[in-house]
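For reference, target.cif (mmCIF, C-alpha atoms):
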```cif
data_input
loop_
_atom_site.group_PDB
_atom_site.id
_atom_site.type_symbol
_atom_site.label_atom_id
_atom_site.label_comp_id
_atom_site.auth_asym_id
_atom_site.auth_seq_id
_atom_site.Cartn_x
_atom_site.Cartn_y
_atom_site.Cartn_z
ATOM 1 C CA MET T 4 7.173 -72.326 47.638
ATOM 2 C CA ALA T 5 6.924 -69.678 44.908
ATOM 3 C CA TRP T 6 5.743 -66.101 44.906
ATOM 4 C CA VAL T 7 4.684 -63.865 42.054
ATOM 5 C CA TRP T 8 5.643 -60.254 41.371
ATOM 6 C CA LEU T 9 3.783 -57.999 38.926
ATOM 7 C CA ALA T 10 5.434 -54.922 37.395
ATOM 8 C CA LEU T 11 3.287 -52.401 35.545
ATOM 9 C CA CYS T 12 4.522 -49.620 33.269
ATOM 10 C CA LEU T 13 1.829 -47.044 32.563
ATOM 11 C CA THR T 14 2.581 -44.113 30.297
ATOM 12 C CA PRO T 15 -0.170 -41.626 29.409
ATOM 13 C CA VAL T 16 0.325 -39.083 26.662
ATOM 14 C CA GLY T 17 -0.505 -35.477 27.415
ATOM 15 C CA CYS T 18 0.565 -31.979 26.592
ATOM 16 C CA LEU T 19 1.356 -28.858 28.475
ATOM 17 C CA LEU T 20 1.291 -25.384 27.108
ATOM 18 C CA HIS T 21 3.828 -22.715 28.002
ATOM 19 C CA THR T 22 4.494 -19.179 26.806
ATOM 20 C CA ASP T 23 7.094 -16.477 27.303
ATOM 21 C CA ARG T 24 6.429 -14.326 30.374
ATOM 22 C CA ASP T 25 8.769 -11.566 29.187
ATOM 23 C CA ALA T 26 7.027 -10.386 26.009
ATOM 24 C CA HIS T 27 7.027 -6.680 25.123
ATOM 25 C CA PRO T 28 4.106 -4.245 25.604
ATOM 26 C CA TRP T 29 1.446 -3.601 22.981
ATOM 27 C CA THR T 30 3.214 -2.983 19.667
ATOM 28 C CA VAL T 31 2.247 -2.510 16.046
ATOM 29 C CA ARG T 32 4.949 -2.590 13.411
ATOM 30 C CA PRO T 33 4.611 0.306 10.952
ATOM 31 C CA PRO T 34 4.570 -0.355 7.203
ATOM 32 C CA SER T 35 7.530 0.485 5.018
ATOM 33 C CA ALA T 36 7.993 4.060 3.845
ATOM 34 C CA GLY T 37 5.365 5.144 1.340
ATOM 35 C CA ALA T 38 3.018 2.247 2.110
ATOM 36 C CA SER T 39 -0.166 2.283 4.158
ATOM 37 C CA ALA T 40 -0.985 -0.387 6.725
ATOM 38 C CA PRO T 41 -3.511 -2.909 5.349
ATOM 39 C CA VAL T 42 -4.775 -3.756 8.852
ATOM 40 C CA SER T 43 -5.327 -1.716 11.997
ATOM 41 C CA ASN T 44 -6.870 -1.855 15.448
ATOM 42 C CA LEU T 45 -5.505 -5.270 16.455
ATOM 43 C CA ARG T 46 -7.393 -6.531 19.500
ATOM 44 C CA VAL T 47 -7.712 -9.698 21.541
ATOM 45 C CA ASP T 48 -11.091 -10.824 22.885
ATOM 46 C CA PRO T 49 -10.488 -13.118 25.903
ATOM 47 C CA ARG T 50 -14.124 -14.222 26.010
ATOM 48 C CA THR T 51 -14.211 -15.591 22.457
ATOM 49 C CA ARG T 52 -10.433 -16.317 22.331
ATOM 50 C CA ARG T 53 -10.110 -14.445 19.042
ATOM 51 C CA LEU T 54 -7.569 -12.043 17.591
ATOM 52 C CA CYS T 55 -9.396 -9.548 15.389
ATOM 53 C CA MET T 56 -8.448 -6.582 13.241
ATOM 54 C CA ASP T 57 -9.853 -3.970 10.893
ATOM 55 C CA VAL T 58 -8.842 -4.565 7.270
ATOM 56 C CA THR T 59 -8.239 -1.262 5.528
ATOM 57 C CA GLY T 60 -6.367 -2.446 2.426
ATOM 58 C CA SER T 61 -6.553 -5.045 -0.312
ATOM 59 C CA VAL T 62 -5.267 -8.379 1.037
ATOM 60 C CA SER T 63 -5.224 -11.957 -0.215
ATOM 61 C CA GLN T 64 -4.406 -13.763 3.031
ATOM 62 C CA ILE T 65 -4.063 -13.106 6.745
ATOM 63 C CA GLU T 66 -2.336 -15.554 9.070
ATOM 64 C CA CYS T 67 -2.021 -15.300 12.850
ATOM 65 C CA PHE T 68 0.437 -17.018 15.180
ATOM 66 C CA ASN T 69 1.724 -16.627 18.706
ATOM 67 C CA ASN T 70 5.230 -16.812 20.099
ATOM 68 C CA GLU T 71 4.848 -20.570 20.601
ATOM 69 C CA GLY T 72 4.300 -21.056 16.870
ATOM 70 C CA PHE T 73 0.590 -21.969 16.923
ATOM 71 C CA ARG T 74 -0.746 -20.765 13.563
ATOM 72 C CA ARG T 75 -4.301 -19.887 12.576
ATOM 73 C CA GLN T 76 -5.811 -18.660 9.318
ATOM 74 C CA ALA T 77 -8.006 -15.593 9.643
ATOM 75 C CA LYS T 78 -11.664 -16.273 8.897
ATOM 76 C CA SER T 79 -13.053 -13.833 6.333
ATOM 77 C CA ASN T 80 -9.735 -11.994 6.777
ATOM 78 C CA HIS T 81 -10.932 -10.390 10.005
ATOM 79 C CA CYS T 82 -10.458 -12.746 12.993
ATOM 80 C CA CYS T 83 -8.240 -15.656 14.001
ATOM 81 C CA GLN T 84 -9.611 -18.220 16.440
ATOM 82 C CA PHE T 85 -7.270 -19.609 19.124
ATOM 83 C CA ARG T 86 -8.073 -22.529 21.406
ATOM 84 C CA VAL T 87 -6.025 -21.091 24.271
ATOM 85 C CA LEU T 88 -5.377 -17.503 25.311
ATOM 86 C CA MET T 89 -3.012 -17.088 28.216
ATOM 87 C CA LYS T 90 -4.500 -15.227 31.147
ATOM 88 C CA CYS T 91 -1.427 -14.386 33.214
ATOM 89 C CA THR T 92 1.497 -14.831 30.831
ATOM 90 C CA ALA T 93 2.135 -12.038 28.339
ATOM 91 C CA THR T 94 1.997 -13.618 24.879
ATOM 92 C CA ASN T 95 2.911 -12.087 21.543
ATOM 93 C CA TYR T 96 0.219 -12.529 18.849
ATOM 94 C CA THR T 97 1.430 -11.729 15.350
ATOM 95 C CA VAL T 98 -0.550 -11.035 12.188
ATOM 96 C CA LYS T 99 1.098 -11.666 8.835
ATOM 97 C CA VAL T 100 -0.760 -10.014 5.954
ATOM 98 C CA THR T 101 -0.169 -10.846 2.287
ATOM 99 C CA GLY T 102 -1.367 -8.237 -0.190
ATOM 100 C CA LYS T 103 -2.920 -8.852 -3.582
ATOM 101 C CA GLY T 104 0.403 -8.033 -5.231
ATOM 102 C CA GLY T 105 2.372 -10.417 -3.006
ATOM 103 C CA GLU T 106 3.717 -7.773 -0.642
ATOM 104 C CA SER T 107 3.748 -8.663 3.055
ATOM 105 C CA PHE T 108 3.093 -6.740 6.256
ATOM 106 C CA THR T 109 3.462 -7.795 9.872
ATOM 107 C CA ALA T 110 1.854 -6.417 13.014
ATOM 108 C CA TRP T 111 1.621 -7.756 16.516
ATOM 109 C CA VAL T 112 -0.071 -7.241 19.832
ATOM 110 C CA VAL T 113 0.689 -8.547 23.323
ATOM 111 C CA HIS T 114 -1.978 -10.019 25.575
ATOM 112 C CA PRO T 115 -2.583 -9.793 28.466
ATOM 113 C CA ARG T 116 -1.210 -6.493 29.691
ATOM 114 C CA GLN T 117 0.870 -7.040 32.792
ATOM 115 C CA GLY T 118 -0.474 -5.160 35.803
ATOM 116 C CA GLY T 119 1.770 -5.905 38.744
ATOM 117 C CA ALA T 120 5.309 -6.032 40.019
ATOM 118 C CA ARG T 121 7.624 -8.633 38.501
ATOM 119 C CA GLY T 122 8.552 -11.464 40.816
ATOM 120 C CA THR T 123 5.365 -11.238 42.875
ATOM 121 C CA ALA T 124 3.497 -14.076 41.112
ATOM 122 C CA ALA T 125 3.487 -17.558 42.569
ATOM 123 C CA GLN T 126 6.297 -19.644 41.082
ATOM 124 C CA ASP T 127 6.863 -23.336 40.293
ATOM 125 C CA LEU T 128 3.128 -24.024 39.997
ATOM 126 C CA GLN T 129 2.596 -27.782 39.576
ATOM 127 C CA CYS T 130 -0.564 -29.875 39.724
ATOM 128 C CA GLU T 131 -1.099 -33.607 39.994
ATOM 129 C CA VAL T 132 -4.029 -36.033 40.005
ATOM 130 C CA HIS T 133 -3.247 -38.805 42.500
ATOM 131 C CA ASP T 134 -4.846 -41.552 44.564
ATOM 132 C CA VAL T 135 -7.540 -41.851 41.864
ATOM 133 C CA ASP T 136 -9.863 -39.157 43.239
ATOM 134 C CA ARG T 137 -7.585 -36.362 44.410
ATOM 135 C CA LEU T 138 -6.054 -33.312 42.750
ATOM 136 C CA THR T 139 -3.265 -31.359 44.438
ATOM 137 C CA CYS T 140 -1.524 -28.189 43.270
ATOM 138 C CA ARG T 141 1.570 -26.707 44.882
ATOM 139 C CA TRP T 142 3.586 -23.548 44.373
ATOM 140 C CA ALA T 143 6.056 -21.262 46.099
ATOM 141 C CA ALA T 144 5.759 -17.587 46.929
ATOM 142 C CA GLY T 145 7.249 -15.256 44.331
ATOM 143 C CA ARG T 146 10.857 -14.252 44.939
ATOM 144 C CA ASP T 147 9.854 -10.571 45.235
ATOM 145 C CA ALA T 148 6.408 -11.083 46.743
ATOM 146 C CA PRO T 149 5.515 -8.797 49.694
ATOM 147 C CA GLY T 150 5.644 -10.305 53.158
ATOM 148 C CA ASP T 151 1.863 -10.126 53.551
ATOM 149 C CA VAL T 152 1.078 -11.815 50.223
ATOM 150 C CA GLN T 153 -1.749 -14.316 50.171
ATOM 151 C CA TYR T 154 -2.442 -16.632 47.248
ATOM 152 C CA GLY T 155 -5.602 -18.324 46.071
ATOM 153 C CA LEU T 156 -6.075 -20.974 43.386
ATOM 154 C CA SER T 157 -8.964 -21.603 41.028
ATOM 155 C CA LEU T 158 -9.518 -24.249 38.385
ATOM 156 C CA GLU T 159 -11.376 -23.159 35.262
ATOM 157 C CA THR T 160 -12.294 -24.271 31.778
ATOM 158 C CA LEU T 161 -10.363 -22.637 28.952
ATOM 159 C CA SER T 162 -13.474 -20.713 27.955
ATOM 160 C CA GLY T 163 -13.793 -19.378 31.502
ATOM 161 C CA GLU T 164 -17.445 -20.435 31.636
ATOM 162 C CA GLN T 165 -16.894 -22.653 34.696
ATOM 163 C CA THR T 166 -14.673 -21.980 37.686
ATOM 164 C CA TRP T 167 -13.988 -23.987 40.840
ATOM 165 C CA GLU T 168 -12.357 -22.298 43.817
ATOM 166 C CA CYS T 169 -9.900 -24.247 45.923
ATOM 167 C CA PRO T 170 -11.785 -25.892 48.820
ATOM 168 C CA ARG T 171 -8.775 -26.575 51.087
ATOM 169 C CA TYR T 172 -5.328 -24.999 51.455
ATOM 170 C CA ASP T 173 -2.059 -25.789 53.187
ATOM 171 C CA ALA T 174 0.074 -22.855 54.325
ATOM 172 C CA ASP T 175 3.771 -22.313 55.007
ATOM 173 C CA GLU T 176 5.260 -21.030 58.262
ATOM 174 C CA ARG T 177 4.193 -17.458 57.395
ATOM 175 C CA GLY T 178 0.597 -18.500 56.798
ATOM 176 C CA THR T 179 0.844 -18.072 53.028
ATOM 177 C CA HIS T 180 -1.122 -20.566 50.963
ATOM 178 C CA VAL T 181 1.279 -22.840 49.060
ATOM 179 C CA ARG T 182 -0.823 -25.936 48.383
ATOM 180 C CA CYS T 183 -4.409 -26.668 47.336
ATOM 181 C CA HIS T 184 -6.414 -29.881 47.517
ATOM 182 C CA PHE T 185 -9.447 -30.919 45.475
ATOM 183 C CA GLY T 186 -11.405 -34.110 46.082
ATOM 184 C CA ASP T 187 -13.736 -36.075 43.810
ATOM 185 C CA VAL T 188 -12.094 -35.346 40.452
ATOM 186 C CA SER T 189 -14.699 -37.576 38.790
ATOM 187 C CA ARG T 190 -16.784 -34.433 38.243
ATOM 188 C CA PHE T 191 -14.178 -33.166 35.760
ATOM 189 C CA ARG T 192 -13.795 -34.342 32.189
ATOM 190 C CA ASP T 193 -10.456 -35.373 30.700
ATOM 191 C CA ASP T 194 -10.003 -32.017 29.051
ATOM 192 C CA GLN T 195 -7.640 -29.086 29.240
ATOM 193 C CA TYR T 196 -8.105 -26.896 32.285
ATOM 194 C CA ARG T 197 -6.450 -23.715 33.457
ATOM 195 C CA PHE T 198 -5.019 -23.558 36.978
ATOM 196 C CA VAL T 199 -4.749 -19.932 38.094
ATOM 197 C CA VAL T 200 -3.039 -18.662 41.244
ATOM 198 C CA THR T 201 -3.868 -15.061 42.072
ATOM 199 C CA GLY T 202 -2.361 -13.018 44.873
ATOM 200 C CA SER T 203 -3.281 -10.116 47.105
ATOM 201 C CA SER T 204 -1.231 -7.755 49.238
ATOM 202 C CA ARG T 205 -1.575 -4.361 50.856
ATOM 203 C CA ALA T 206 1.939 -3.426 49.759
ATOM 204 C CA ALA T 207 1.878 -4.147 46.007
ATOM 205 C CA ARG T 208 -0.222 -5.489 43.172
ATOM 206 C CA VAL T 209 0.519 -9.182 42.698
ATOM 207 C CA LEU T 210 0.713 -10.843 39.287
ATOM 208 C CA CYS T 211 -1.132 -14.089 38.681
ATOM 209 C CA ALA T 212 0.403 -17.385 37.567
ATOM 210 C CA GLU T 213 -1.180 -20.097 35.448
ATOM 211 C CA HIS T 214 -0.712 -23.642 34.277
ATOM 212 C CA ILE T 215 -2.719 -25.390 31.555
ATOM 213 C CA ALA T 216 -2.918 -29.163 31.344
ATOM 214 C CA LEU T 217 -5.027 -32.161 30.463
ATOM 215 C CA LEU T 218 -6.053 -33.775 33.726
ATOM 216 C CA GLY T 219 -5.210 -37.192 32.312
ATOM 217 C CA SER T 220 -1.681 -36.054 31.481
ATOM 218 C CA ILE T 221 -0.904 -35.085 35.090
ATOM 219 C CA GLU T 222 -2.312 -38.228 36.690
ATOM 220 C CA LYS T 223 -0.020 -40.290 38.895
ATOM 221 C CA PHE T 224 -1.283 -43.849 38.878
ATOM 222 C CA VAL T 225 -1.741 -45.948 41.995
ATOM 223 C CA ALA T 226 -0.643 -49.577 42.055
ATOM 224 C CA PRO T 227 -3.271 -51.944 40.648
ATOM 225 C CA ASN T 228 -5.358 -54.140 42.880
ATOM 226 C CA LEU T 229 -3.715 -57.538 42.278
ATOM 227 C CA THR T 230 -5.154 -60.932 43.207
ATOM 228 C CA VAL T 231 -3.518 -64.340 42.735
ATOM 229 C CA THR T 232 -5.049 -67.808 42.936
ATOM 230 C CA CYS T 233 -2.889 -70.922 42.653
ATOM 231 C CA ASN T 234 -3.194 -74.706 42.450
ATOM 232 C CA THR T 235 -0.618 -77.418 41.888
ATOM 233 C CA SER T 236 -0.258 -76.685 38.167
ATOM 234 C CA HIS T 237 -1.477 -73.167 37.467
ATOM 235 C CA ALA T 238 -1.444 -69.641 38.866
ATOM 236 C CA ARG T 239 -4.095 -67.120 37.898
ATOM 237 C CA LEU T 240 -3.380 -63.410 38.225
ATOM 238 C CA ALA T 241 -6.018 -60.692 37.961
ATOM 239 C CA TRP T 242 -5.760 -56.975 38.469
ATOM 240 C CA THR T 243 -7.838 -53.857 38.120
ATOM 241 C CA MET T 244 -6.794 -50.277 37.482
ATOM 242 C CA ALA T 245 -8.694 -47.278 38.765
ATOM 243 C CA SER T 246 -8.690 -43.979 36.873
ATOM 244 C CA HIS T 247 -11.282 -41.396 35.925
ATOM 245 C CA PHE T 248 -9.347 -40.294 32.844
ATOM 246 C CA HIS T 249 -7.768 -43.437 31.385
ATOM 247 C CA THR T 250 -9.232 -46.723 30.180
ATOM 248 C CA ASP T 251 -6.556 -47.960 27.781
ATOM 249 C CA PHE T 252 -3.529 -49.323 29.628
ATOM 250 C CA ARG T 253 -0.538 -51.358 28.517
ATOM 251 C CA TYR T 254 0.857 -53.800 31.017
ATOM 252 C CA ASP T 255 4.274 -55.401 31.483
ATOM 253 C CA LEU T 256 4.026 -58.616 33.488
ATOM 254 C CA GLU T 257 7.199 -60.039 34.982
ATOM 255 C CA VAL T 258 7.025 -63.336 36.877
ATOM 256 C CA GLN T 259 9.747 -64.208 39.359
ATOM 257 C CA LYS T 260 10.304 -67.252 41.483
ATOM 258 C CA ALA T 261 11.870 -67.462 44.936
ATOM 259 C CA VAL T 262 13.691 -70.686 45.765
ATOM 260 C CA ARG T 263 15.293 -71.726 49.035
ATOM 261 C CA MET T 264 19.009 -72.507 48.831
ATOM 262 C CA ARG T 265 20.906 -73.404 52.016
ATOM 263 C CA GLY T 266 18.506 -71.481 54.176
ATOM 264 C CA GLN T 267 18.452 -68.396 51.928
ATOM 265 C CA HIS T 268 15.849 -67.110 49.501
ATOM 266 C CA VAL T 269 17.132 -66.516 45.991
ATOM 267 C CA THR T 270 14.997 -64.733 43.398
ATOM 268 C CA GLN T 271 15.067 -66.020 39.835
ATOM 269 C CA ARG T 272 13.380 -64.353 36.867
ATOM 270 C CA CYS T 273 11.133 -66.843 35.114
ATOM 271 C CA ASP T 274 9.319 -64.999 32.366
ATOM 272 C CA ARG T 275 8.175 -61.599 31.168
ATOM 273 C CA VAL T 276 5.182 -60.946 28.964
#
```

Can I see the file as structure tokens?
Amino acid sequence: MAWVWLALCLTPVGCLLHTDRDAHPWTVRPPSAGASAPVSNLRVDPRTRRLCMDVTGSVSQIECFNNEGFRRQAKSNHCCQFRVLMKCTATNYTVKVTGKGGESFTAWVVHPRQGGARGTAAQDLQCEVHDVDRLTCRWAAGRDAPGDVQYGLSLETLSGEQTWECPRYDADERGTHVRCHFGDVSRFRDDQYRFVVTGSSRAARVLCAEHIALLGSIEKFVAPNLTVTCNTSHARLAWTMASHFHTDFRYDLEVQKAVRMRGQHVTQRCDRV
């Protein structure tokens, strides 16, 4: 009597974005002695996700980049468009200006401005799509968070046009929310979303924490539904995978055979395709 074992290796490709939480406050680097700044009034617009400036000198090119190295060319030498602007993590946005004569000038601005005590934000924020339809996020209270801190999580598009509040929480022994559960993830597209954990306390202002990810990149797959039909000469295997964010899978199929030897079952590998 033989039995069949199916091994599946599923590897999605995704990306996560991270930035430095310890950037400096708003700063503009002055020009060298005797020179005037070709740009001024650097500003970040969270709604349009643009870094804009006033051009007061003669320039040939303006390039913008953040402290993660994402570079953008300024359109009409006035604004740089970014796909992602961090909401809770202070990020350094730098403008590199090249003058008509080849001279260069650099200025930078930090966004967002931090408005809370360090160590109060939720830490170790992680999110996972699992069991096909479920999304769970978990975190821990900040190391310096007040004893009465309470956290809340929301899921939002990068543009901020749509927001979904957490429908169900789990709490620790102090009653502090440390886990959030969403159901029916089929309503979400396989796109980048921002997970934001905000906090409240009577004792101190609490910083927020964020995590940005493609939902497909944080999906933990369930085992496929496997069926086997056999006759005296052939075995037919069929399986189905369930996912709201993936349709292209690669499968490893390993067939093993169990034989009886002196009252014991011994497994032998037969083939792998």

Give me the residues near region 68-76 of chain T as a ChimeraX atom specification, where near means some atom within 6 Å (using all atoms listed in the file) and where sequence neighbours in that chain fewer than 5 positions away do not count. /T:83,95-97

Can you tell me how far CA of His247 (chain T) sits from CA of Asp193 (chain T), in Å to one decimal? 8.0 Å

Please identify all polymer residues within 10 Å of Asp134 (chain T), counting all atoms listed in the file, omitting same-chain residues fewer than 6 positions from it, and present them as a ChimeraX atom specification. /T:222-226,245-246

I need the output of the PyMOL selection byres ((chain T and resi 148) around 9) for this file as a ChimeraX atom specification; which residues are they? /T:120-125,144-147,149-152,204,207,209

Which residue is closest to Arg86 (chain T)? Choose from T:Thr232, T:Thr250, T:Thr51, T:Gln259 and count all atoms listed in the file.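 Looking only at the distances to Arg86 (chain T), the closest residue turns out to be T:Thr51.
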
If you count all atoms listed in the file, the residue of T:Ala77, T:Glu168, T:Asp255, T:Leu210 closest to Gly118 (chain T) turns out to be T:Leu210

Could you tell me how far CA of Ser43 (chain T) lies from CA of Val113 (chain T), in Å and to one decimal?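 Separation of CA of Ser43 (chain T) and CA of Val113 (chain T): 14.5 Å.
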
Rounded to one decimal, what separation in Å do you get between CA of Glu159 (chain T) and CA of Tyr196 (chain T)? 5.8 Å

Set up a box along x, y and z of the file covering all listed atoms of region 216-227 of chain T, add 8 Å on every one of the six sides, and write the centre and edge lengths in Å to one decimal, as JSON.
```
{"center_x": -3.0, "center_y": -40.6, "center_z": 36.3, "size_x": 22.0, "size_y": 38.8, "size_z": 27.6}
```

Which of these, T:Arg208, T:Gly202, T:Val132, T:Phe252, has the shortest distance to Ser189 (chain T) once you count all atoms listed in the file?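 Closest residue, counting all atoms listed in the file: T:Val132.
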
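All protein, DNA and RNA residues at most 10 Å from (-1.6, -65.2, 37.5) are T:Val7, T:Trp8, T:Leu9, T:Leu229, T:Thr230, T:Val231, T:Thr232, T:Cys233, T:His237, T:Ala238, T:Arg239, T:Leu240, T:Ala241, T:Trp242, T:Leu256, T:Val258, using all atoms listed in the file.
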
Compile the contact shell of Phe85 (chain T) as a list in words: residues with an atom at most 7 Å away, counting only C-alpha atoms, same-chain residues fewer than 3 positions apart removed. Arg52, Arg53 and Leu88 of chain T

Hey, what's within 9 Å of Glu131 (chain T) if we count all atoms listed in the file and toss same-chain stuff fewer than 6 positions away? As a PyMOL selection string, please? chain T and resi 137-141+218+220-223

Closest of T:Val181, T:Val62, T:Met89, T:Cys211 to Gly119 (chain T), counting only C-alpha atoms, is T:Cys211

Residue with smallest distance to Pro227 (chain T) - pool T:Lys260, T:Glu66, T:Arg171, T:Val135, counting only C-alpha atoms: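 With only C-alpha atoms as the atom set, the closest residue is T:Val135.
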
Mind listing whatever residues come within 7 Å of the point (-9.2, -10.6, 15.0)? Use all atoms listed in the file, file coordinates, and give them as number ranges by chain. T: 45-47, 53-56, 81-83

List as JSON, numbers by chain the protein and nucleic acid residues near Gly104 (chain T), meaning an atom at most 12 Å away when only C-alpha atoms are counted, but skip any in the same chain fewer than 3 places from it. {"T": [60, 61, 62, 63, 64, 100, 101, 107, 108]}

Could the residues in this selection be saved with C-alpha atoms as an mmCIF file, keeping the file's coordinate frame?
```cif
data_model
loop_
_atom_site.group_PDB
_atom_site.id
_atom_site.type_symbol
_atom_site.label_atom_id
_atom_site.label_comp_id
_atom_site.auth_asym_id
_atom_site.auth_seq_id
_atom_site.Cartn_x
_atom_site.Cartn_y
_atom_site.Cartn_z
ATOM 1 C CA GLY T 60 -6.367 -2.446 2.426
ATOM 2 C CA SER T 61 -6.553 -5.045 -0.312
ATOM 3 C CA VAL T 62 -5.267 -8.379 1.037
ATOM 4 C CA SER T 63 -5.224 -11.957 -0.215
ATOM 5 C CA GLN T 64 -4.406 -13.763 3.031
ATOM 6 C CA VAL T 100 -0.760 -10.014 5.954
ATOM 7 C CA THR T 101 -0.169 -10.846 2.287
ATOM 8 C CA SER T 107 3.748 -8.663 3.055
ATOM 9 C CA PHE T 108 3.093 -6.740 6.256
#
```

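Proximity to Gly219 (chain T) was assessed for T:Gln195, T:Ser157, T:Thr201, T:Thr235 counting only C-alpha atoms; the smallest distance is recorded for T:Gln195.
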
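Residues selected in this file by the PyMOL selection byres ((chain T and resi 98) around 6) comprise Glu66, Cys67, Thr97, Lys99, Thr109, Ala110 and Trp111 of chain T.
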